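Student: So that you have it, the file is query_27.csv, and it contains CSV, C-alpha atoms and all ligand atoms:
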```
chain,number,residue,atom,x,y,z
A,1,MET,CA,113.0,85.3,94.9
A,2,GLY,CA,113.6,87.1,98.2
A,3,ASN,CA,113.4,90.4,100.0
A,4,VAL,CA,115.7,93.3,100.6
A,5,PHE,CA,116.2,95.2,103.9
A,6,GLY,CA,118.6,98.0,104.0
A,7,ALA,CA,119.6,101.6,103.1
A,8,GLY,CA,120.3,102.2,99.5
A,9,ASP,CA,123.1,99.9,98.3
A,10,ASP,CA,123.9,98.8,101.8
A,11,ASP,CA,121.5,96.0,102.2
A,12,LEU,CA,120.7,92.6,103.5
A,13,TYR,CA,119.2,90.3,100.9
A,14,LEU,CA,117.3,87.3,102.3
A,15,SER,CA,115.5,84.4,100.7
A,16,ASN,CA,111.8,84.1,101.5
A,17,GLY,CA,112.7,81.4,104.1
A,18,GLY,CA,115.4,83.6,105.6
A,19,THR,CA,113.0,86.5,105.7
A,20,ALA,CA,110.5,84.5,107.7
A,21,VAL,CA,113.1,83.7,110.3
A,22,PHE,CA,114.3,87.4,110.4
A,23,VAL,CA,110.8,88.6,110.9
A,24,ASP,CA,110.1,86.0,113.7
A,25,VAL,CA,113.1,87.1,115.7
A,26,LEU,CA,112.4,90.8,115.2
A,27,THR,CA,108.8,90.3,116.3
A,28,LEU,CA,110.0,88.6,119.6
A,29,ALA,CA,112.4,91.5,120.3
A,30,VAL,CA,110.3,94.5,119.3
A,31,SER,CA,107.4,93.2,121.3
A,32,ALA,CA,109.5,93.1,124.4
A,33,LEU,CA,110.9,96.6,124.0
A,34,ALA,CA,108.2,98.8,122.3
A,35,GLY,CA,107.2,101.6,124.6
A,36,GLY,CA,106.3,104.9,122.9
A,37,PRO,CA,104.2,105.6,119.7
A,38,TRP,CA,107.2,105.5,117.4
A,39,ASP,CA,108.2,102.1,118.7
A,40,HIS,CA,104.8,100.7,118.1
A,41,ARG,CA,104.8,102.1,114.5
A,42,PHE,CA,108.2,100.4,114.0
A,43,ALA,CA,106.5,97.2,115.4
A,44,ALA,CA,103.8,97.7,112.7
A,45,LEU,CA,106.5,97.9,110.1
A,46,VAL,CA,107.8,94.6,111.4
A,47,ALA,CA,104.3,93.1,111.3
A,48,MET,CA,104.0,94.3,107.6
A,49,GLN,CA,106.9,92.0,106.8
A,50,ASP,CA,104.7,89.0,107.4
A,51,GLN,CA,104.8,87.1,104.0
A,52,SER,CA,101.7,85.0,104.9
A,53,MET,CA,99.7,88.2,104.7
A,54,MET,CA,101.7,90.3,102.1
A,55,GLY,CA,102.9,87.5,99.8
A,56,ARG,CA,106.2,85.7,99.6
A,57,GLY,CA,108.9,87.8,98.2
A,58,ALA,CA,106.7,90.9,98.5
A,59,VAL,CA,108.2,92.5,101.7
A,60,GLY,CA,111.4,94.3,102.6
A,61,PHE,CA,112.0,98.0,103.3
A,62,ASP,CA,114.6,100.8,102.9
A,63,LEU,CA,115.6,102.7,106.0
A,64,ALA,CA,115.5,105.9,104.0
A,65,ASP,CA,111.7,105.5,103.4
A,66,LEU,CA,110.9,105.5,107.1
A,67,ASP,CA,109.7,108.5,109.0
A,68,TRP,CA,112.4,108.8,111.7
A,69,GLY,CA,111.0,111.9,113.4
A,70,ALA,CA,110.8,115.7,112.9
A,71,THR,CA,113.7,116.7,115.1
A,72,SER,CA,117.3,115.4,115.6
A,73,GLU,CA,116.3,114.2,119.1
A,74,GLU,CA,113.4,112.2,117.8
A,75,ARG,CA,115.5,110.7,115.1
A,76,ALA,CA,118.3,109.8,117.5
A,77,ALA,CA,115.7,108.1,119.8
A,78,ALA,CA,114.1,106.2,117.0
A,79,LYS,CA,117.5,104.9,115.7
A,80,ALA,CA,118.5,104.0,119.3
A,81,PHE,CA,115.3,102.0,119.7
A,82,VAL,CA,115.9,100.0,116.5
A,83,LEU,CA,119.5,99.2,117.6
A,84,LYS,CA,118.2,98.1,121.0
A,85,VAL,CA,115.7,95.8,119.3
A,86,LEU,CA,118.5,94.3,117.1
A,87,ASP,CA,120.8,93.9,120.2
A,88,LEU,CA,118.1,92.0,122.0
A,89,ALA,CA,117.4,89.8,119.0
A,90,ALA,CA,121.1,89.1,118.7
A,91,ARG,CA,121.0,87.8,122.3
A,92,ARG,CA,118.5,85.2,121.0
A,93,HIS,CA,115.5,86.6,122.9
A,94,ARG,CA,112.9,83.8,123.3
A,95,TRP,CA,114.4,81.8,120.5
A,96,GLU,CA,113.8,78.7,122.5
A,97,GLU,CA,110.1,79.2,121.8
A,98,LEU,CA,110.6,78.9,118.0
A,99,ASP,CA,109.6,75.5,116.7
A,100,TYR,CA,112.7,75.3,114.5
A,101,GLU,CA,116.5,76.0,114.8
A,102,PRO,CA,117.5,79.4,113.3
A,103,PRO,CA,121.2,78.8,112.6
A,104,PHE,CA,121.6,81.9,110.4
A,105,ALA,CA,119.4,84.3,112.2
A,106,GLU,CA,122.1,85.8,114.4
A,107,GLY,CA,124.1,86.6,111.2
A,108,TYR,CA,121.1,88.3,109.7
A,109,VAL,CA,120.5,90.4,112.8
A,110,ARG,CA,124.1,91.4,113.1
A,111,ARG,CA,124.4,92.4,109.5
A,112,PHE,CA,121.2,94.5,109.7
A,113,ARG,CA,122.5,96.1,112.8
A,114,GLU,CA,125.6,97.3,110.9
A,115,ILE,CA,123.4,98.8,108.2
A,116,VAL,CA,121.2,100.6,110.8
A,117,ALA,CA,124.3,101.8,112.7
A,118,ALA,CA,125.8,103.3,109.5
A,119,PHE,CA,122.6,105.0,108.4
A,120,ASP,CA,121.9,108.6,109.2
A,121,PRO,CA,118.2,109.2,109.7
A,122,ALA,CA,118.6,112.8,108.6
A,123,ASP,CA,119.1,111.4,105.1
A,124,ALA,CA,115.7,109.8,105.1
A,125,ASP,CA,113.1,110.9,102.6
A,126,PRO,CA,110.0,109.3,104.1
A,127,ASP,CA,107.2,107.9,102.0
A,128,ASP,CA,104.1,106.0,103.0
A,129,ALA,CA,106.1,102.8,103.6
A,130,PHE,CA,106.2,103.5,107.3
A,131,PRO,CA,102.8,102.6,108.9
A,132,ASP,CA,101.0,105.6,110.6
A,133,THR,CA,99.1,103.5,113.0
A,134,PRO,CA,100.9,101.9,115.9
A,135,LEU,CA,100.2,98.3,116.8
A,136,MET,CA,97.6,98.4,119.6
A,137,ALA,CA,97.2,94.9,121.0
A,138,CYS,CA,99.0,91.7,122.1
A,139,CYS,CA,98.5,88.3,120.7
A,140,VAL,CA,97.6,86.5,123.9
A,141,ARG,CA,98.5,83.1,122.5
A,142,HIS,CA,102.0,84.0,121.4
A,143,ARG,CA,102.7,87.0,123.8
A,144,VAL,CA,103.9,89.3,121.0
A,145,LEU,CA,102.3,92.4,119.4
A,146,SER,CA,99.4,91.4,117.2
A,147,GLY,CA,98.9,92.9,113.7
A,148,LEU,CA,95.8,94.7,114.9
A,149,PRO,CA,94.4,97.1,113.6
A,150,TYR,CA,95.9,96.0,110.3
A,151,TRP,CA,94.8,92.4,110.6
A,152,GLU,CA,94.0,89.7,113.2
A,153,GLY,CA,96.8,87.8,114.9
A,154,CYS,CA,100.5,87.9,114.9
A,155,VAL,CA,103.1,86.4,112.5
A,156,PHE,CA,103.1,83.2,114.5
A,157,CYS,CA,99.3,82.9,114.2
A,158,HIS,CA,99.6,83.0,110.4
A,159,ARG,CA,101.8,79.9,110.1
B,201,ZN,ZN,99.8,84.9,117.6
```
Would you write the structure of this file as structure tokens?
Ligand SMILES: [Zn+2]

Tutor:
Amino acid sequence: MGNVFGAGDDDLYLSNGGTAVFVDVLTLAVSALAGGPWDHRFAALVAMQDQSMMGRGAVGFDLADLDWGATSEERAAAKAFVLKVLDLAARRHRWEELDYEPPFAEGYVRRFREIVAAFDPADADPDDAFPDTPLMACCVRHRVLSGLPYWEGCVFCHR
């Protein structure tokens, strides 16, 4: 069992263990870069990929289900933000703080970046998969965005 992250048939399939690593490195990167409301909604989407809270094998998302914005400018800014997050993750942002070696994580991030780069947000047909409420608070212990108001703590708290 695993989880799928992608856009239609262009997807990244990860085992549950691979997913946990992917979500850890995305959490570290998105927490460093999130500025505006859309960024914090994307951070909430990343938090929703926490299998300790959602169930193992019960996460994943399709880029076409996300609300990328009402105008082409908004959609371009949103896509640029996601690519920036993936670029930071590919540069191993704060990976030295992980309590394990993530030998495959860079490959996951680079593959997902290709999928996002090839995706046109104008083709999205948003559903309720994209969280409306941005993440509001930091986990002081782990210095990343906390899952509040969805739940207490961050993905690292839930280990
Ligand atoms: Zn935490």

Student: Which residues of chain A come within 6 Å of ligand ZN 201 (chain B), and for each one, what is the closest pair of atoms and their distance in Å to one decimal, counting all atoms listed in the file, sorted by chain and residue number, as JSON lines?

Tutor:
```
{"residue": "A:Cys139", "atom": "CA", "partner": "B:ZN201", "partner_atom": "ZN", "distance": 4.8}
{"residue": "A:Arg141", "atom": "CA", "partner": "B:ZN201", "partner_atom": "ZN", "distance": 5.4}
{"residue": "A:His142", "atom": "CA", "partner": "B:ZN201", "partner_atom": "ZN", "distance": 4.5}
{"residue": "A:Gly153", "atom": "CA", "partner": "B:ZN201", "partner_atom": "ZN", "distance": 5.0}
{"residue": "A:Cys154", "atom": "CA", "partner": "B:ZN201", "partner_atom": "ZN", "distance": 4.1}
{"residue": "A:Phe156", "atom": "CA", "partner": "B:ZN201", "partner_atom": "ZN", "distance": 4.8}
{"residue": "A:Cys157", "atom": "CA", "partner": "B:ZN201", "partner_atom": "ZN", "distance": 4.0}
```

Student: Near segment 93-99 of chain A, within 12 Å and counting only C-alpha atoms, which residues show up once chain neighbours fewer than 3 positions away are dropped, as a ChimeraX atom specification?

Tutor: /A:20-22,24-33,84-90,102-103,105-106,109,142-144,155-156,159

Student: Just to be explicit: take each residue in the selection above, keep C-alpha atoms, and write the result as a PDB file, keeping the file's coordinate frame.

Tutor:
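In the end it all went to out06.pdb:
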```pdb
ATOM      1  CA  ALA A  20     110.500  84.500 107.700  1.00  0.00           C
ATOM      2  CA  VAL A  21     113.100  83.700 110.300  1.00  0.00           C
ATOM      3  CA  PHE A  22     114.300  87.400 110.400  1.00  0.00           C
ATOM      4  CA  ASP A  24     110.100  86.000 113.700  1.00  0.00           C
ATOM      5  CA  VAL A  25     113.100  87.100 115.700  1.00  0.00           C
ATOM      6  CA  LEU A  26     112.400  90.800 115.200  1.00  0.00           C
ATOM      7  CA  THR A  27     108.800  90.300 116.300  1.00  0.00           C
ATOM      8  CA  LEU A  28     110.000  88.600 119.600  1.00  0.00           C
ATOM      9  CA  ALA A  29     112.400  91.500 120.300  1.00  0.00           C
ATOM     10  CA  VAL A  30     110.300  94.500 119.300  1.00  0.00           C
ATOM     11  CA  SER A  31     107.400  93.200 121.300  1.00  0.00           C
ATOM     12  CA  ALA A  32     109.500  93.100 124.400  1.00  0.00           C
ATOM     13  CA  LEU A  33     110.900  96.600 124.000  1.00  0.00           C
ATOM     14  CA  LYS A  84     118.200  98.100 121.000  1.00  0.00           C
ATOM     15  CA  VAL A  85     115.700  95.800 119.300  1.00  0.00           C
ATOM     16  CA  LEU A  86     118.500  94.300 117.100  1.00  0.00           C
ATOM     17  CA  ASP A  87     120.800  93.900 120.200  1.00  0.00           C
ATOM     18  CA  LEU A  88     118.100  92.000 122.000  1.00  0.00           C
ATOM     19  CA  ALA A  89     117.400  89.800 119.000  1.00  0.00           C
ATOM     20  CA  ALA A  90     121.100  89.100 118.700  1.00  0.00           C
ATOM     21  CA  PRO A 102     117.500  79.400 113.300  1.00  0.00           C
ATOM     22  CA  PRO A 103     121.200  78.800 112.600  1.00  0.00           C
ATOM     23  CA  ALA A 105     119.400  84.300 112.200  1.00  0.00           C
ATOM     24  CA  GLU A 106     122.100  85.800 114.400  1.00  0.00           C
ATOM     25  CA  VAL A 109     120.500  90.400 112.800  1.00  0.00           C
ATOM     26  CA  HIS A 142     102.000  84.000 121.400  1.00  0.00           C
ATOM     27  CA  ARG A 143     102.700  87.000 123.800  1.00  0.00           C
ATOM     28  CA  VAL A 144     103.900  89.300 121.000  1.00  0.00           C
ATOM     29  CA  VAL A 155     103.100  86.400 112.500  1.00  0.00           C
ATOM     30  CA  PHE A 156     103.100  83.200 114.500  1.00  0.00           C
ATOM     31  CA  ARG A 159     101.800  79.900 110.100  1.00  0.00           C
TER      32      ARG A 159
END
```

Student: Using all atoms listed in the file, which residue out of A:Phe119, A:Pro37, A:Glu152, A:Ala129 lies closest to Gln49 of chain A?

Tutor: A:Ala129

Student: Measuring atom to atom with all atoms listed in the file, identify which of A:Leu148, A:Ala78, A:Cys138, A:Leu83 is nearest to Glu114 of chain A.

Tutor: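 Checking each candidate against Glu114 of chain A, we get A:Leu83 as the closest.
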
Student: Quick one: of A:Asp9, A:Asn16, A:Ala47, A:Ala58, who's nearest to Pro149 of chain A, counting only C-alpha atoms?

Tutor: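 The closest residue to Pro149 of chain A is A:Ala47.
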
Student: Dump as a list in words all residues having an atom at most 7 Å from (103.7, 101.9, 107.7), computed in the file's coordinates with all atoms listed in the file.

Tutor: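 All residues meeting the 7 Å criterion around (103.7, 101.9, 107.7) are Arg41, Ala44, Leu45, Asp128, Ala129, Phe130, Pro131 and Asp132 of chain A.
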
Student: Point out the residue among A:Ala76, A:Leu145, A:Val46, A:Val116 with the least atom-to-atom distance to Leu12 of chain A, counting all atoms listed in the file.

Tutor: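 The shortest atom-to-atom distance to Leu12 of chain A comes from A:Val116.
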
Student: Quote the spacing between atom CA of Asp62 of chain A and atom CA of Ala137 of chain A in Å to one decimal place.

Tutor: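 Going from atom CA of Asp62 of chain A over to atom CA of Ala137 of chain A, I get 25.8 Å.
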
Student: Using all atoms listed in the file, pick whichever of A:Ala34, A:Met1, A:Ala122, A:Ala80 has the shortest atom-to-atom distance to Gly55 of chain A.

Tutor: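 Among the listed residues, the smallest separation from Gly55 of chain A belongs to A:Met1.
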
Student: Go through A:Asn3, A:Ser146, A:Gln51, A:Thr71 one by one, measure the shortest atom-to-atom distance of each to Pro134 of chain A using all atoms listed in the file, and give the residue with the smallest value.

Tutor: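 Smallest distance to Pro134 of chain A is found for A:Ser146.
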
Student: Expressed in Å to a single decimal, how great is the separation between atom CA of Tyr100 of chain A and atom CA of Met136 of chain A?

Tutor: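 Atom CA of Tyr100 of chain A sits 28.1 Å away from atom CA of Met136 of chain A.
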
Student: Report, in Å to a single decimal, how far apart atom CA of His40 of chain A and atom CA of Glu74 of chain A are.

Tutor: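 Taking atom CA of Glu74 of chain A and atom CA of His40 of chain A, their separation equals 14.4 Å.
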
Student: Please provide as a PDB file with C-alpha atoms, in the coordinates of the input all residues within 12 Å of Ala70 of chain A, with the sequence filter that same-chain residues fewer than 3 positions apart are discarded (counting all atoms listed in the file).

Tutor:
```pdb
ATOM      1  CA  TRP A  38     107.200 105.500 117.400  1.00  0.00           C
ATOM      2  CA  LEU A  66     110.900 105.500 107.100  1.00  0.00           C
ATOM      3  CA  ASP A  67     109.700 108.500 109.000  1.00  0.00           C
ATOM      4  CA  GLU A  73     116.300 114.200 119.100  1.00  0.00           C
ATOM      5  CA  GLU A  74     113.400 112.200 117.800  1.00  0.00           C
ATOM      6  CA  ARG A  75     115.500 110.700 115.100  1.00  0.00           C
ATOM      7  CA  ALA A  76     118.300 109.800 117.500  1.00  0.00           C
ATOM      8  CA  ALA A  77     115.700 108.100 119.800  1.00  0.00           C
ATOM      9  CA  ALA A  78     114.100 106.200 117.000  1.00  0.00           C
ATOM     10  CA  PRO A 121     118.200 109.200 109.700  1.00  0.00           C
ATOM     11  CA  ALA A 122     118.600 112.800 108.600  1.00  0.00           C
ATOM     12  CA  ALA A 124     115.700 109.800 105.100  1.00  0.00           C
ATOM     13  CA  ASP A 125     113.100 110.900 102.600  1.00  0.00           C
ATOM     14  CA  PRO A 126     110.000 109.300 104.100  1.00  0.00           C
TER      15      PRO A 126
END
```

Student: Give me segment 19-55 of chain A with N, CA and C atoms filled in, as a tab-separated table (two decimals), in the frame of the given file.

Tutor:
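In the end it all went to result_21.tsv:
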```tsv
chain	number	residue	atom	x	y	z
A	19	THR	N	113.83	85.40	105.29
A	19	THR	CA	113.00	86.50	105.70
A	19	THR	C	112.05	86.14	106.82
A	20	ALA	N	111.43	84.98	106.68
A	20	ALA	CA	110.50	84.50	107.70
A	20	ALA	C	111.14	84.41	109.06
A	21	VAL	N	112.36	83.88	109.06
A	21	VAL	CA	113.10	83.70	110.30
A	21	VAL	C	113.46	85.12	110.88
A	22	PHE	N	113.95	85.99	110.02
A	22	PHE	CA	114.30	87.40	110.40
A	22	PHE	C	113.13	88.07	111.05
A	23	VAL	N	111.96	87.94	110.44
A	23	VAL	CA	110.80	88.60	110.90
A	23	VAL	C	110.32	87.99	112.28
A	24	ASP	N	110.45	86.69	112.41
A	24	ASP	CA	110.10	86.00	113.70
A	24	ASP	C	110.96	86.61	114.83
A	25	VAL	N	112.27	86.67	114.62
A	25	VAL	CA	113.10	87.10	115.70
A	25	VAL	C	112.98	88.59	116.01
A	26	LEU	N	112.70	89.37	114.97
A	26	LEU	CA	112.40	90.80	115.20
A	26	LEU	C	111.12	90.99	115.95
A	27	THR	N	110.13	90.18	115.63
A	27	THR	CA	108.80	90.30	116.30
A	27	THR	C	108.99	90.01	117.80
A	28	LEU	N	109.75	88.98	118.14
A	28	LEU	CA	110.00	88.60	119.60
A	28	LEU	C	110.66	89.80	120.28
A	29	ALA	N	111.65	90.43	119.64
A	29	ALA	CA	112.40	91.50	120.30
A	29	ALA	C	111.63	92.79	120.36
A	30	VAL	N	111.00	93.17	119.26
A	30	VAL	CA	110.30	94.50	119.30
A	30	VAL	C	109.12	94.43	120.23
A	31	SER	N	108.50	93.28	120.39
A	31	SER	CA	107.40	93.20	121.30
A	31	SER	C	107.81	93.36	122.75
A	32	ALA	N	109.04	92.98	123.05
A	32	ALA	CA	109.50	93.10	124.40
A	32	ALA	C	109.90	94.55	124.76
A	33	LEU	N	110.27	95.34	123.76
A	33	LEU	CA	110.90	96.60	124.00
A	33	LEU	C	109.99	97.84	123.67
A	34	ALA	N	108.99	97.65	122.82
A	34	ALA	CA	108.20	98.80	122.30
A	34	ALA	C	107.55	99.53	123.49
A	35	GLY	N	107.77	100.85	123.56
A	35	GLY	CA	107.20	101.60	124.60
A	35	GLY	C	106.33	102.77	124.04
A	36	GLY	N	106.97	103.71	123.38
A	36	GLY	CA	106.30	104.90	122.90
A	36	GLY	C	105.64	104.65	121.51
A	37	PRO	N	104.91	105.69	121.01
A	37	PRO	CA	104.20	105.60	119.70
A	37	PRO	C	105.11	105.21	118.56
A	38	TRP	N	106.29	105.84	118.50
A	38	TRP	CA	107.20	105.50	117.40
A	38	TRP	C	107.56	104.05	117.39
A	39	ASP	N	107.85	103.54	118.59
A	39	ASP	CA	108.20	102.10	118.70
A	39	ASP	C	107.13	101.22	118.21
A	40	HIS	N	105.88	101.60	118.51
A	40	HIS	CA	104.80	100.70	118.10
A	40	HIS	C	104.50	100.90	116.58
A	41	ARG	N	104.91	102.04	116.00
A	41	ARG	CA	104.80	102.10	114.50
A	41	ARG	C	105.93	101.28	113.89
A	42	PHE	N	107.10	101.27	114.50
A	42	PHE	CA	108.20	100.40	114.00
A	42	PHE	C	107.70	98.91	114.11
A	43	ALA	N	107.02	98.59	115.22
A	43	ALA	CA	106.50	97.20	115.40
A	43	ALA	C	105.47	96.92	114.27
A	44	ALA	N	104.71	97.94	113.86
A	44	ALA	CA	103.80	97.70	112.70
A	44	ALA	C	104.53	97.48	111.45
A	45	LEU	N	105.65	98.16	111.26
A	45	LEU	CA	106.50	97.90	110.10
A	45	LEU	C	106.97	96.46	110.09
A	46	VAL	N	107.39	95.98	111.26
A	46	VAL	CA	107.80	94.60	111.40
A	46	VAL	C	106.67	93.64	111.02
A	47	ALA	N	105.48	93.96	111.55
A	47	ALA	CA	104.30	93.10	111.30
A	47	ALA	C	104.00	93.10	109.76
A	48	MET	N	104.25	94.23	109.08
A	48	MET	CA	104.00	94.30	107.60
A	48	MET	C	104.95	93.44	106.82
A	49	GLN	N	105.97	92.90	107.47
A	49	GLN	CA	106.90	92.00	106.80
A	49	GLN	C	106.47	90.56	106.80
A	50	ASP	N	105.23	90.32	107.25
A	50	ASP	CA	104.70	89.00	107.40
A	50	ASP	C	104.26	88.50	105.97
A	51	GLN	N	105.05	87.57	105.42
A	51	GLN	CA	104.80	87.10	104.00
A	51	GLN	C	103.53	86.30	103.90
A	52	SER	N	103.02	85.76	105.02
A	52	SER	CA	101.70	85.00	104.90
A	52	SER	C	100.61	85.98	104.58
A	53	MET	N	100.77	87.25	104.96
A	53	MET	CA	99.70	88.20	104.70
A	53	MET	C	100.04	89.08	103.45
A	54	MET	N	101.33	89.37	103.22
A	54	MET	CA	101.70	90.30	102.10
A	54	MET	C	102.08	89.56	100.86
A	55	GLY	N	102.42	88.29	100.97
A	55	GLY	CA	102.90	87.50	99.80
A	55	GLY	C	104.37	87.24	99.93
```
